[in-house]
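> Provided below: query-v5.csv, containing CSV, N, CA and C atoms.
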```csv
chain,number,residue,atom,x,y,z
A,18,MET,N,-25.6,-16.7,25.4
A,18,MET,CA,-24.8,-15.6,25.9
A,18,MET,C,-23.3,-15.8,25.6
A,19,GLU,N,-22.7,-14.8,25.1
A,19,GLU,CA,-21.3,-14.9,24.7
A,19,GLU,C,-20.4,-14.7,26.0
A,20,GLU,N,-19.5,-15.6,26.2
A,20,GLU,CA,-18.6,-15.4,27.3
A,20,GLU,C,-17.6,-14.4,27.1
A,21,ASN,N,-16.9,-13.9,28.1
A,21,ASN,CA,-15.9,-12.9,28.0
A,21,ASN,C,-14.6,-13.4,27.4
A,22,LYS,N,-14.4,-13.2,26.1
A,22,LYS,CA,-13.2,-13.8,25.5
A,22,LYS,C,-12.1,-12.7,25.5
A,23,LYS,N,-10.8,-13.2,25.6
A,23,LYS,CA,-9.7,-12.3,25.6
A,23,LYS,C,-9.2,-12.2,24.1
A,24,THR,N,-8.7,-11.0,23.9
A,24,THR,CA,-8.1,-10.8,22.5
A,24,THR,C,-6.7,-11.4,22.5
A,25,ASN,N,-6.4,-12.1,21.4
A,25,ASN,CA,-5.1,-12.8,21.3
A,25,ASN,C,-3.9,-11.8,21.4
A,26,LYS,N,-3.0,-12.1,22.3
A,26,LYS,CA,-1.8,-11.2,22.6
A,26,LYS,C,-0.9,-11.1,21.4
A,27,LEU,N,-0.7,-12.2,20.6
A,27,LEU,CA,0.2,-12.1,19.5
A,27,LEU,C,-0.3,-11.2,18.4
A,28,SER,N,-1.6,-11.2,18.2
A,28,SER,CA,-2.2,-10.3,17.2
A,28,SER,C,-2.0,-8.8,17.6
A,29,ILE,N,-2.1,-8.5,18.9
A,29,ILE,CA,-1.9,-7.2,19.4
A,29,ILE,C,-0.4,-6.8,19.2
A,30,VAL,N,0.5,-7.7,19.6
A,30,VAL,CA,1.9,-7.4,19.4
A,30,VAL,C,2.3,-7.2,17.9
A,31,ALA,N,1.7,-8.0,17.1
A,31,ALA,CA,1.9,-7.8,15.6
A,31,ALA,C,1.5,-6.5,15.1
A,32,GLY,N,0.3,-6.0,15.6
A,32,GLY,CA,-0.2,-4.7,15.3
A,32,GLY,C,0.7,-3.6,15.7
A,33,ILE,N,1.2,-3.7,17.0
A,33,ILE,CA,2.1,-2.7,17.5
A,33,ILE,C,3.4,-2.6,16.7
A,34,ILE,N,3.9,-3.8,16.4
A,34,ILE,CA,5.2,-3.9,15.7
A,34,ILE,C,5.0,-3.3,14.3
A,35,LEU,N,3.9,-3.6,13.6
A,35,LEU,CA,3.6,-3.0,12.3
A,35,LEU,C,3.5,-1.5,12.3
A,36,ILE,N,2.9,-0.9,13.4
A,36,ILE,CA,2.7,0.5,13.5
A,36,ILE,C,4.1,1.1,13.6
A,37,LEU,N,5.0,0.6,14.5
A,37,LEU,CA,6.3,1.1,14.7
A,37,LEU,C,7.1,0.9,13.4
A,38,ASP,N,7.0,-0.2,12.7
A,38,ASP,CA,7.7,-0.4,11.5
A,38,ASP,C,7.3,0.6,10.4
A,39,PHE,N,6.0,0.9,10.3
A,39,PHE,CA,5.5,1.8,9.4
A,39,PHE,C,6.1,3.2,9.7
A,40,ILE,N,6.1,3.6,10.9
A,40,ILE,CA,6.6,4.9,11.3
A,40,ILE,C,8.1,5.0,11.0
A,41,PHE,N,8.8,3.9,11.3
A,41,PHE,CA,10.2,3.9,10.9
A,41,PHE,C,10.5,4.0,9.4
A,42,SER,N,9.6,3.4,8.6
A,42,SER,CA,9.8,3.4,7.2
A,42,SER,C,9.5,4.8,6.6
A,43,ILE,N,8.7,5.6,7.3
A,43,ILE,CA,8.5,7.0,6.9
A,43,ILE,C,9.6,7.9,7.2
A,44,PHE,N,10.1,7.7,8.5
A,44,PHE,CA,11.2,8.7,9.0
A,44,PHE,C,12.6,8.1,8.9
A,45,CYS,N,12.8,7.0,8.2
A,45,CYS,CA,14.2,6.5,8.1
A,45,CYS,C,15.0,7.4,7.3
A,46,PRO,N,16.1,7.9,7.9
A,46,PRO,CA,17.0,8.8,7.2
A,46,PRO,C,17.7,8.2,6.0
A,47,MET,N,18.0,8.9,5.0
A,47,MET,CA,18.6,8.4,3.8
A,47,MET,C,20.0,7.9,4.0
A,48,SER,N,20.7,8.5,5.1
A,48,SER,CA,22.0,8.1,5.3
A,48,SER,C,22.1,6.6,5.7
A,49,ILE,N,21.1,6.0,6.3
A,49,ILE,CA,21.1,4.6,6.6
A,49,ILE,C,20.0,3.8,5.8
A,50,ALA,N,19.8,4.3,4.6
A,50,ALA,CA,18.7,3.7,3.8
A,50,ALA,C,18.8,2.2,3.6
A,51,LYS,N,20.0,1.7,3.3
A,51,LYS,CA,20.2,0.2,3.1
A,51,LYS,C,19.9,-0.6,4.4
A,52,ILE,N,20.4,-0.1,5.5
A,52,ILE,CA,20.2,-0.8,6.8
A,52,ILE,C,18.8,-0.6,7.2
A,53,GLY,N,18.2,0.6,7.0
A,53,GLY,CA,16.8,0.8,7.3
A,53,GLY,C,15.9,0.0,6.6
A,54,ILE,N,16.1,-0.2,5.3
A,54,ILE,CA,15.2,-1.1,4.5
A,54,ILE,C,15.3,-2.5,5.0
A,55,ALA,N,16.5,-3.0,5.3
A,55,ALA,CA,16.7,-4.3,5.8
A,55,ALA,C,15.9,-4.5,7.1
A,56,ILE,N,16.0,-3.5,8.0
A,56,ILE,CA,15.3,-3.6,9.3
A,56,ILE,C,13.8,-3.7,9.0
A,57,ILE,N,13.3,-2.8,8.1
A,57,ILE,CA,11.8,-2.8,7.8
A,57,ILE,C,11.4,-4.2,7.3
A,58,ILE,N,12.2,-4.8,6.4
A,58,ILE,CA,11.9,-6.1,5.8
A,58,ILE,C,11.8,-7.2,7.0
A,59,LEU,N,12.8,-7.2,7.8
A,59,LEU,CA,12.9,-8.2,8.9
A,59,LEU,C,11.7,-8.0,9.9
A,60,VAL,N,11.4,-6.8,10.3
A,60,VAL,CA,10.3,-6.5,11.2
A,60,VAL,C,9.0,-6.8,10.6
A,61,ALA,N,8.8,-6.6,9.3
A,61,ALA,CA,7.6,-6.9,8.6
A,61,ALA,C,7.4,-8.4,8.6
A,62,LEU,N,8.5,-9.2,8.3
A,62,LEU,CA,8.4,-10.6,8.4
A,62,LEU,C,8.0,-11.1,9.8
A,63,LEU,N,8.6,-10.5,10.8
A,63,LEU,CA,8.3,-10.9,12.2
A,63,LEU,C,6.8,-10.6,12.4
A,64,ALA,N,6.3,-9.5,12.0
A,64,ALA,CA,4.8,-9.2,12.2
A,64,ALA,C,3.9,-10.2,11.4
A,65,ILE,N,4.4,-10.6,10.2
A,65,ILE,CA,3.6,-11.6,9.5
A,65,ILE,C,3.6,-12.9,10.2
A,66,ILE,N,4.7,-13.4,10.7
A,66,ILE,CA,4.8,-14.6,11.4
A,66,ILE,C,4.0,-14.6,12.7
A,67,LEU,N,4.1,-13.5,13.5
A,67,LEU,CA,3.3,-13.3,14.7
A,67,LEU,C,1.8,-13.4,14.4
A,68,SER,N,1.4,-12.7,13.3
A,68,SER,CA,0.0,-12.7,12.9
A,68,SER,C,-0.5,-14.1,12.5
A,69,ILE,N,0.3,-14.9,11.8
A,69,ILE,CA,-0.1,-16.2,11.4
A,69,ILE,C,-0.3,-17.1,12.7
A,70,VAL,N,0.8,-17.0,13.6
A,70,VAL,CA,0.7,-17.8,14.8
A,70,VAL,C,-0.5,-17.4,15.7
A,71,GLY,N,-0.7,-16.1,15.7
A,71,GLY,CA,-1.9,-15.5,16.5
A,71,GLY,C,-3.2,-16.0,15.9
A,72,LYS,N,-3.3,-16.1,14.6
A,72,LYS,CA,-4.6,-16.6,14.0
A,72,LYS,C,-4.8,-18.0,14.3
A,73,ILE,N,-3.7,-18.8,14.3
A,73,ILE,CA,-3.8,-20.2,14.7
A,73,ILE,C,-4.3,-20.4,16.1
A,74,GLN,N,-3.7,-19.6,17.0
A,74,GLN,CA,-4.1,-19.6,18.4
A,74,GLN,C,-5.5,-19.2,18.7
A,75,ILE,N,-5.9,-18.2,17.9
A,75,ILE,CA,-7.3,-17.7,18.0
A,75,ILE,C,-8.3,-18.8,17.7
A,76,LYS,N,-8.0,-19.5,16.6
A,76,LYS,CA,-8.9,-20.6,16.3
A,76,LYS,C,-8.9,-21.8,17.3
A,77,ARG,N,-7.7,-22.1,17.8
A,77,ARG,CA,-7.5,-23.2,18.7
A,77,ARG,C,-8.1,-22.9,20.1
A,78,ASN,N,-7.9,-21.6,20.6
A,78,ASN,CA,-8.3,-21.3,21.9
A,78,ASN,C,-9.6,-20.5,22.0
A,79,ASN,N,-10.2,-20.3,20.9
A,79,ASN,CA,-11.5,-19.6,20.8
A,79,ASN,C,-11.4,-18.2,21.4
A,80,GLU,N,-10.4,-17.4,20.9
A,80,GLU,CA,-10.1,-16.1,21.4
A,80,GLU,C,-10.6,-15.1,20.4
A,81,LYS,N,-10.6,-13.8,20.8
A,81,LYS,CA,-11.0,-12.7,19.9
A,81,LYS,C,-9.7,-12.2,19.2
A,82,GLY,N,-9.9,-11.4,18.1
A,82,GLY,CA,-8.8,-10.8,17.4
A,82,GLY,C,-8.5,-11.4,16.1
A,83,LYS,N,-9.4,-12.2,15.5
A,83,LYS,CA,-9.2,-12.8,14.2
A,83,LYS,C,-9.0,-11.7,13.1
A,84,GLY,N,-9.9,-10.6,13.2
A,84,GLY,CA,-9.8,-9.5,12.2
A,84,GLY,C,-8.5,-8.8,12.3
A,85,LEU,N,-8.0,-8.6,13.6
A,85,LEU,CA,-6.7,-7.9,13.8
A,85,LEU,C,-5.6,-8.7,13.2
A,86,ALA,N,-5.6,-10.1,13.5
A,86,ALA,CA,-4.6,-10.9,12.9
A,86,ALA,C,-4.5,-10.9,11.4
A,87,ILE,N,-5.7,-11.0,10.8
A,87,ILE,CA,-5.7,-10.9,9.3
A,87,ILE,C,-5.2,-9.6,8.8
A,88,THR,N,-5.7,-8.5,9.4
A,88,THR,CA,-5.3,-7.2,9.0
A,88,THR,C,-3.7,-7.0,9.1
A,89,CYS,N,-3.2,-7.4,10.2
A,89,CYS,CA,-1.7,-7.4,10.4
A,89,CYS,C,-1.0,-8.2,9.4
A,90,MET,N,-1.5,-9.3,9.1
A,90,MET,CA,-0.9,-10.2,8.1
A,90,MET,C,-0.9,-9.5,6.7
A,91,VAL,N,-2.0,-8.9,6.3
A,91,VAL,CA,-2.1,-8.3,5.0
A,91,VAL,C,-1.2,-7.0,5.0
A,92,LEU,N,-1.3,-6.2,6.0
A,92,LEU,CA,-0.4,-5.0,6.1
A,92,LEU,C,1.1,-5.3,6.2
A,93,GLY,N,1.4,-6.4,6.8
A,93,GLY,CA,2.8,-6.9,6.9
A,93,GLY,C,3.3,-7.3,5.5
A,94,ILE,N,2.5,-8.0,4.8
A,94,ILE,CA,2.8,-8.4,3.4
A,94,ILE,C,3.0,-7.2,2.5
A,95,ILE,N,2.1,-6.2,2.7
A,95,ILE,CA,2.2,-4.9,1.9
A,95,ILE,C,3.5,-4.2,2.2
A,96,LEU,N,3.8,-4.1,3.5
A,96,LEU,CA,5.0,-3.4,3.9
A,96,LEU,C,6.3,-4.1,3.5
A,97,PHE,N,6.2,-5.4,3.5
A,97,PHE,CA,7.3,-6.3,3.1
A,97,PHE,C,7.6,-6.1,1.6
A,98,VAL,N,6.6,-6.1,0.8
A,98,VAL,CA,6.7,-5.9,-0.7
A,98,VAL,C,7.2,-4.5,-1.0
A,99,TYR,N,6.7,-3.5,-0.3
A,99,TYR,CA,7.1,-2.1,-0.5
A,99,TYR,C,8.6,-2.0,-0.2
A,100,ALA,N,9.1,-2.6,0.9
A,100,ALA,CA,10.5,-2.5,1.3
A,100,ALA,C,11.4,-3.2,0.3
A,101,CYS,N,10.9,-4.4,-0.1
A,101,CYS,CA,11.7,-5.2,-1.1
A,101,CYS,C,11.9,-4.4,-2.4
A,102,LEU,N,10.8,-3.8,-2.9
A,102,LEU,CA,10.9,-3.0,-4.1
A,102,LEU,C,11.8,-1.7,-3.9
A,103,SER,N,11.7,-1.1,-2.7
A,103,SER,CA,12.6,0.0,-2.4
A,103,SER,C,14.0,-0.4,-2.5
A,104,GLU,N,14.3,-1.6,-1.9
A,104,GLU,CA,15.7,-2.1,-1.9
A,104,GLU,C,16.2,-2.3,-3.4
A,105,VAL,N,15.4,-2.9,-4.2
A,105,VAL,CA,15.7,-3.1,-5.6
A,105,VAL,C,15.9,-1.8,-6.3
A,106,ILE,N,15.1,-0.9,-6.1
A,106,ILE,CA,15.2,0.4,-6.8
A,106,ILE,C,16.4,1.2,-6.3
A,107,LEU,N,16.7,1.1,-5.0
A,107,LEU,CA,17.9,1.8,-4.5
A,107,LEU,C,19.2,1.2,-5.1
A,108,PHE,N,19.3,-0.1,-5.2
A,108,PHE,CA,20.4,-0.7,-5.8
A,108,PHE,C,20.5,-0.4,-7.3
A,109,ALA,N,19.4,-0.4,-7.9
A,109,ALA,CA,19.4,0.0,-9.4
A,109,ALA,C,19.9,1.4,-9.6
A,110,ILE,N,19.5,2.3,-8.8
A,110,ILE,CA,19.9,3.7,-8.9
A,110,ILE,C,21.4,3.8,-8.7
A,111,GLU,N,21.9,3.2,-7.6
A,111,GLU,CA,23.3,3.2,-7.3
A,111,GLU,C,24.1,2.6,-8.5
A,112,ASP,N,23.7,1.5,-9.0
A,112,ASP,CA,24.4,0.8,-10.1
A,112,ASP,C,24.4,1.7,-11.4
A,113,ILE,N,23.3,2.4,-11.7
A,113,ILE,CA,23.3,3.2,-12.9
A,113,ILE,C,24.2,4.4,-12.7
A,114,SER,N,24.2,5.0,-11.5
A,114,SER,CA,25.1,6.2,-11.2
A,114,SER,C,26.6,5.8,-11.3
A,115,PHE,N,26.9,4.6,-10.8
A,115,PHE,CA,28.3,4.2,-10.8
A,115,PHE,C,28.7,3.9,-12.2
A,116,ASN,N,27.9,3.2,-13.0
A,116,ASN,CA,28.2,2.8,-14.4
A,116,ASN,C,28.3,4.1,-15.3
A,117,ASP,N,27.5,5.0,-15.0
A,117,ASP,CA,27.5,6.3,-15.7
A,117,ASP,C,28.9,7.0,-15.5
A,118,SER,N,29.4,7.0,-14.3
A,118,SER,CA,30.7,7.6,-14.0
A,118,SER,C,31.8,6.8,-14.7
A,119,ILE,N,31.7,5.5,-14.8
A,119,ILE,CA,32.8,4.8,-15.5
A,119,ILE,C,32.7,5.0,-17.0
A,120,ILE,N,31.5,5.2,-17.5
A,120,ILE,CA,31.4,5.5,-19.0
A,120,ILE,C,32.1,6.8,-19.3
A,121,CYS,N,31.8,7.8,-18.4
A,121,CYS,CA,32.4,9.1,-18.6
A,121,CYS,C,33.9,9.1,-18.5
A,122,GLU,N,34.4,8.3,-17.6
A,122,GLU,CA,35.8,8.2,-17.4
A,122,GLU,C,36.5,7.6,-18.7
A,123,GLN,N,35.8,6.8,-19.4
A,123,GLN,CA,36.4,6.1,-20.6
A,123,GLN,C,36.3,7.0,-21.8
A,124,ALA,N,35.7,8.1,-21.8
A,124,ALA,CA,35.5,9.0,-22.9
A,124,ALA,C,36.9,9.7,-23.2
A,125,TYR,N,37.1,10.1,-24.4
A,125,TYR,CA,38.4,10.8,-24.7
A,125,TYR,C,38.2,12.3,-24.5
A,126,GLU,N,37.0,12.8,-24.5
A,126,GLU,CA,36.8,14.3,-24.2
A,126,GLU,C,35.5,14.5,-23.5
A,127,CYS,N,35.5,15.2,-22.3
A,127,CYS,CA,34.3,15.5,-21.6
A,127,CYS,C,34.3,16.9,-21.3
A,128,LYS,N,33.1,17.5,-21.3
A,128,LYS,CA,33.0,18.9,-20.9
A,128,LYS,C,31.9,19.0,-19.9
A,129,ASP,N,32.2,19.9,-18.9
A,129,ASP,CA,31.3,20.1,-17.8
A,129,ASP,C,30.2,21.1,-18.3
A,130,ASN,N,28.9,20.8,-18.0
A,130,ASN,CA,27.8,21.6,-18.4
A,130,ASN,C,27.4,22.6,-17.3
A,131,ASN,N,28.2,22.7,-16.2
A,131,ASN,CA,28.0,23.7,-15.1
A,131,ASN,C,26.6,23.5,-14.4
A,132,ASP,N,26.0,22.3,-14.6
A,132,ASP,CA,24.8,22.1,-13.9
A,132,ASP,C,24.8,20.7,-13.1
A,133,GLY,N,26.0,20.2,-12.9
A,133,GLY,CA,26.1,18.9,-12.2
A,133,GLY,C,26.2,17.8,-13.2
A,134,THR,N,26.1,18.1,-14.5
A,134,THR,CA,26.1,17.0,-15.5
A,134,THR,C,27.3,17.4,-16.5
A,135,SER,N,27.6,16.4,-17.3
A,135,SER,CA,28.6,16.6,-18.3
A,135,SER,C,28.2,15.9,-19.6
A,136,THR,N,28.9,16.3,-20.7
A,136,THR,CA,28.7,15.6,-22.0
A,136,THR,C,30.1,15.0,-22.4
A,137,CYS,N,30.0,13.7,-22.7
A,137,CYS,CA,31.2,13.0,-23.0
A,137,CYS,C,31.3,12.6,-24.5
A,138,LYS,N,32.4,12.8,-25.1
A,138,LYS,CA,32.6,12.5,-26.5
A,138,LYS,C,33.4,11.2,-26.6
A,139,PHE,N,32.9,10.3,-27.4
A,139,PHE,CA,33.6,9.1,-27.8
A,139,PHE,C,34.0,9.2,-29.2
A,140,SER,N,34.5,8.2,-29.8
A,140,SER,CA,35.0,8.3,-31.2
A,140,SER,C,33.9,8.7,-32.2
A,141,GLU,N,32.7,8.2,-32.0
A,141,GLU,CA,31.6,8.5,-33.0
A,141,GLU,C,30.4,9.2,-32.5
A,142,PHE,N,30.3,9.3,-31.2
A,142,PHE,CA,29.0,9.8,-30.6
A,142,PHE,C,29.3,10.6,-29.3
A,143,GLU,N,28.3,11.3,-28.8
A,143,GLU,CA,28.3,12.0,-27.6
A,143,GLU,C,27.2,11.5,-26.7
A,144,ILE,N,27.5,11.4,-25.4
A,144,ILE,CA,26.4,11.0,-24.5
A,144,ILE,C,26.4,11.9,-23.3
A,145,PRO,N,25.2,12.2,-22.8
A,145,PRO,CA,25.2,13.1,-21.6
A,145,PRO,C,25.4,12.1,-20.4
A,146,CYS,N,26.2,12.6,-19.4
A,146,CYS,CA,26.5,11.9,-18.2
A,146,CYS,C,25.8,12.7,-17.0
A,147,SER,N,25.0,12.0,-16.3
A,147,SER,CA,24.2,12.6,-15.2
A,147,SER,C,25.0,12.9,-14.0
A,148,THR,N,26.1,12.3,-13.8
A,148,THR,CA,27.0,12.5,-12.7
A,148,THR,C,28.1,13.4,-13.0
A,149,LYS,N,28.7,13.9,-11.9
A,149,LYS,CA,29.9,14.7,-12.1
A,149,LYS,C,31.0,13.9,-12.6
A,150,LEU,N,31.9,14.4,-13.3
A,150,LEU,CA,33.1,13.7,-13.8
A,150,LEU,C,33.9,13.2,-12.7
A,151,LEU,N,34.4,11.9,-12.8
A,151,LEU,CA,35.3,11.3,-11.8
A,151,LEU,C,36.6,11.1,-12.5
A,152,THR,N,37.6,11.5,-11.8
A,152,THR,CA,39.0,11.3,-12.4
A,152,THR,C,39.5,9.9,-11.9
A,153,SER,N,40.6,9.5,-12.5
A,153,SER,CA,41.1,8.2,-12.2
A,153,SER,C,41.6,8.2,-10.7
A,154,GLU,N,42.0,9.3,-10.2
A,154,GLU,CA,42.5,9.4,-8.8
A,154,GLU,C,41.3,9.1,-7.8
A,155,GLN,N,40.1,9.5,-8.2
A,155,GLN,CA,38.9,9.2,-7.3
A,155,GLN,C,38.5,7.8,-7.2
A,156,PHE,N,39.0,7.0,-8.2
A,156,PHE,CA,38.6,5.5,-8.1
A,156,PHE,C,39.6,4.8,-7.2
A,157,LYS,N,40.7,5.4,-6.9
A,157,LYS,CA,41.7,4.7,-6.1
A,157,LYS,C,41.4,4.8,-4.6
```
Can I see the file as structure tokens?

Amino acid sequence: MEENKKTNKLSIVAGIILILDFIFSIFCPMSIAKIGIAIIILVALLAIILSIVGKIQIKRNNEKGKGLAITCMVLGIILFVYACLSEVILFAIEDISFNDSIICEQAYECKDNNDGTSTCKFSEFEIPCSTKLLTSEQFK
């Protein structure tokens, strides 16, 4: 006969934290995207650590919740990787946009295409600029 085992509390806490972290990752406003992604990364790491400690306790204390601990560990790792990739992509997009503006600023002639983009002429070639033209006053 199997005795009445308790489910490991750390596994339950890790599951709750992951659910809240996932909800936050969906509804995080773009105005705080950098901070939001950092929060998602830290909370996912916390859930992974709690899951690992919970799995160790389950084995040591003969508790229930091994599947929950493993699931939280895997989902925490997935959420962590997703957030890290989002951070890299966000920084890459910002860098491309900023560099594009600098390139347009260095051109000797630029014309506005009236659609939020411009075409910039250099000595031998033209390149489209995806950002609005920035003047030297806007850099100060």
> Quick one: residues within 6.5 Å of Ile65 of chain A, all atoms listed in the file counted, chain neighbours fewer than 5 positions away excluded, as JSON, numbers by chain?
{"A": [60, 70, 89, 90, 93, 94]}
> For the point (10.2, -2.1, 6.9) in the file's frame, write as a list in words all residues with an atom no more than 8 Å away, counting only C-alpha atoms.
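So the residues meeting the distance criterion are Asp38, Phe39, Phe41, Ser42, Gly53, Ile54, Ala55, Ile56, Ile57, Ile58, Leu59, Val60, Ala61, Leu96, Phe97 and Ala100 of chain A.
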> Please report the interatomic distance between atom CA of Ile69 of chain A and atom N of Ser28 of chain A in Å with one decimal.
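Atom-to-atom, atom CA of Ile69 of chain A to atom N of Ser28 of chain A, that is 8.6 Å.
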> Could you tell me how far atom N of Leu107 of chain A lies from atom C of Ile49 of chain A, in Å and to one decimal?
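Answer for the atom N of Leu107 of chain A to atom C of Ile49 of chain A separation: 11.6 Å.
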> What is the distance between atom C of Asn79 of chain A and atom CA of Ile66 of chain A, in Å to one decimal?
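Taking atom C of Asn79 of chain A and atom CA of Ile66 of chain A, their separation equals 19.4 Å.
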> Which parts of segment 40-84 of chain A does DSSP call alpha helix (DSSP H) when run on the backbone here, written out as a ChimeraX atom specification?
/A:40-44,50-78,83-84
